[in-house]
Protein chains: 2
Amino acid sequence: MSAHRPRILVIDDEPQIHRFLGPALEAAGYEPVRADTGAEGLQAMAQRPPDAVVLDLGLPDIDGKQALIRARAFYEGPILILSARDMEMEKIEALDLGADDYVEKPFHVGELLARLRVAMRHALNRAGAPAVVHAGAVEIDLIKRLVSRDGEPVRLSPREYDLLACLASGGGKVMTHRQLLTAVWGPANAEDVQYLRVFVGHLRQKLEADPANPRTLVTEPGVGYRLMVDA
Amino acid sequence: MSAHRPRILVIDDEPQIHRFLGPALEAAGYEPVRADTGAEGLQAMAQRPPDAVVLDLGLPDIDGKQALIRARAFYEGPILILSARDMEMEKIEALDLGADDYVEKPFHVGELLARLRVAMRHALNRAGAPAVVHAGAVEIDLIKRLVSRDGEPVRLSPREYDLLACLASGGGKVMTHRQLLTAVWGPANAEDVQYLRVFVGHLRQKLEADPANPRTLVTEPGVGYRLMVDA
DNA sequence: TCATTTCTTAACGAAATCTTTATGCGTCGT
DNA sequence: ACGACGCATAAAGATTTCGTTAAGAAATGA
């Protein structure tokens, strides 16, 4: 299955929560990501935005409210608040600060999962901004997952698209072999440069006017590849 | 921006609830609308759609679940469930049936209002999504739950419609196998891609001019399917 | 209840994709 | 000049993914 399971970041200092929420999430088809402190959680969110966040307000290092505010500064996805305390004011504040739901501890796993589904249902409708990258005659719509050349749609295989998307998201910067390989083929294949050669070839065949003299997908010898995005 | 205050329909048989929720809503800047039975509530919703609904599950005339299902058939706004019972299964069912939140009685007014704000915040994002989607010769009315091809109505089974509706709500985006499966068959069946193959086949049979060469319901190999909605 | 529709599941051939190996070309340093 | 190295392309085989069909189970409605 190439479409990855939704990644749920759980930020909680109690190992117990992770121990039983992790497997539950996994059983429900999600990929749980663990963070034990607020700082760790915020870093994880910034590094690779998860599909949803479960945040405990009672963290040892950062005040829960502060964590929520700082998270909302750059993260738009669903955030569910967990809290041991039954304080109305806290709930109201959290919800008004941008949390999508609030669950009291102790909670039923089924209910948490249901509320997670609701939050992600809402997130689906939140139509994102049109993230479209232009590179010469090539146009890449990263949201619709659509690629066209001179206005004509181009059919790409999953790997081909993932590779192109990775290059496009770099914003014209050189992407090293390692970066591309780990992103598309996973960390285990970070050394198989040959994959890149083959698939870059495929992409050039489909996207370049003259595949032998690439002007859009350029190779940076010894380093990696670069997509020449328009300014 | 609507000219008048947001109208909140409260469906509850207990006069007590209306007595203290009504003024609270009014104080918060809303215009409360009262319904004492399920039938009355549904009628009010159909007659003049409120900006949000607060629905008590323990109604005397209609089963709460049924009321929710029937409401969701034509009303897309926020629905908050009220219930005296603390039953996990009921919560999960209600949330999966399309409710946006679930509050147990007795509740704090402040919390209810906060959750209402969250729900309406979500509704804002949801707004703007067209209720009728055109894709080639196919027309899908997501509210009336009606599908037609070249103006001729098309009969679809429940699953077939749900699948098509999910594709249509994507607005031309690719919907991954996982997204479609979790939305239509539930998270438990997120891996059964075979369902999709079978039902996509059915839909093509009914909707495509040449089912063997689909131009409206396109497959994105390795990723999912896409409905080619008109621009 | 019975009849009809709908859903689930399995099997199979066909097609597309991925992986791997092989080969040729050019550059660079020795 | 020579070999080493990185890059590009081609092609074959293995694997995965798709679409179709069909038959039995389950749900629906009269």
# chains A, B, ... in the order shown; residues from 1 in each chain; ligands from 1
>>> residues_around(residues="C:DT19", least_positions_apart="2", cutoff="9 Å", atoms="only C-alpha atoms (C1' of nucleotides)", output="PyMOL selection string")
(chain A and resi 195) or (chain D and resi 13-15)
>>> write_last_selection(atoms="C-alpha atoms (C1' of nucleotides)", output="compact mmCIF listing (two decimals), in the first residue's frame")
# COMPACT_ATOMS: atom_id res chain seq x y z
CA TYR A 195 16.83 4.06 -8.47
C1' DG D 13 12.14 -10.59 -14.90
C1' DA D 14 9.49 -10.38 -10.74
C1' DT D 15 5.99 -8.34 -8.30
>>> closest_atom_pairs(of="chain D", to="stretch 5-13 of chain C", cutoff="9 Å", atoms="only C-alpha atoms (C1' of nucleotides)", output="Markdown table")
| residue | atom | partner | partner_atom | distance |
| --- | --- | --- | --- | --- |
| D:DG24 | C1' | C:DT9 | C1' | 8.8 |
| D:DA25 | C1' | C:DT8 | C1' | 7.4 |
| D:DA26 | C1' | C:DC7 | C1' | 7.1 |
| D:DA27 | C1' | C:DT6 | C1' | 7.2 |
| D:DT28 | C1' | C:DT5 | C1' | 7.1 |
>>> calpha_fit_rmsd(fixed="chain A", moving="chain B")
15.6 Å
>>> atom_distance(atom1="atom CA of A:Leu181", atom2="atom CA of A:Leu163")
8.5 Å
>>> residues_around(residues="A:Gly38", least_positions_apart="2", cutoff="10 Å", atoms="only C-alpha atoms (C1' of nucleotides)", output="compact mmCIF listing (two decimals) with N, CA and C atoms, in the first residue's frame")
# COMPACT_ATOMS: atom_id res chain seq x y z
N ILE A 11 1.18 13.57 22.16
CA ILE A 11 2.11 14.28 23.04
C ILE A 11 1.63 14.12 24.47
N ASP A 12 2.34 13.30 25.23
CA ASP A 12 1.93 13.02 26.60
C ASP A 12 3.15 12.55 27.38
N ASP A 13 3.23 12.98 28.63
CA ASP A 13 4.40 12.59 29.42
C ASP A 13 4.18 11.26 30.14
N ALA A 35 5.57 11.44 21.43
CA ALA A 35 6.38 12.53 21.96
C ALA A 35 6.09 12.63 23.45
N ASP A 36 7.14 12.73 24.27
CA ASP A 36 6.96 12.68 25.72
C ASP A 36 6.99 14.06 26.37
N GLU A 40 9.44 18.33 22.50
CA GLU A 40 9.60 17.23 21.56
C GLU A 40 8.44 17.19 20.57
N GLY A 41 7.25 17.37 21.10
CA GLY A 41 6.06 17.32 20.26
C GLY A 41 6.05 18.43 19.22
N LEU A 42 6.36 19.65 19.67
CA LEU A 42 6.36 20.77 18.73
C LEU A 42 7.40 20.56 17.64
N GLN A 43 8.53 20.02 18.05
CA GLN A 43 9.58 19.76 17.06
C GLN A 43 9.11 18.73 16.04
N ALA A 44 8.47 17.68 16.56
CA ALA A 44 7.98 16.64 15.66
C ALA A 44 6.94 17.20 14.69
N LEU A 55 -2.97 16.08 22.21
CA LEU A 55 -2.08 16.84 23.09
C LEU A 55 -2.59 16.82 24.53
N ASP A 56 -1.75 16.37 25.42
CA ASP A 56 -2.08 16.41 26.84
C ASP A 56 -1.75 17.80 27.38
N LEU A 57 -2.69 18.39 28.10
CA LEU A 57 -2.45 19.74 28.62
C LEU A 57 -1.49 19.74 29.81
N GLY A 58 -1.41 18.62 30.51
CA GLY A 58 -0.59 18.59 31.71
C GLY A 58 0.83 18.12 31.45
N LEU A 59 1.54 18.87 30.64
CA LEU A 59 2.91 18.48 30.32
C LEU A 59 3.88 19.07 31.34
N PRO A 60 5.00 18.41 31.55
CA PRO A 60 5.94 18.88 32.56
C PRO A 60 6.74 20.11 32.11
N ASP A 61 7.07 20.18 30.83
CA ASP A 61 8.00 21.24 30.44
C ASP A 61 7.32 22.53 29.96
N ILE A 62 6.21 22.40 29.25
CA ILE A 62 5.55 23.59 28.73
C ILE A 62 4.13 23.63 29.25
N ASP A 63 3.62 24.82 29.51
CA ASP A 63 2.22 24.95 29.86
C ASP A 63 1.38 24.55 28.65
N GLY A 64 0.33 23.78 28.92
CA GLY A 64 -0.48 23.24 27.84
C GLY A 64 -1.02 24.31 26.91
N GLN A 66 0.18 27.26 26.31
CA GLN A 66 1.27 27.80 25.50
C GLN A 66 1.61 26.86 24.35
N ALA A 67 1.65 25.56 24.67
CA ALA A 67 1.94 24.58 23.63
C ALA A 67 0.92 24.67 22.51
N LEU A 68 -0.35 24.79 22.91
CA LEU A 68 -1.42 24.86 21.92
C LEU A 68 -1.26 26.10 21.04
N ALA A 71 1.63 25.71 18.74
CA ALA A 71 1.36 24.73 17.70
C ALA A 71 0.48 25.34 16.61
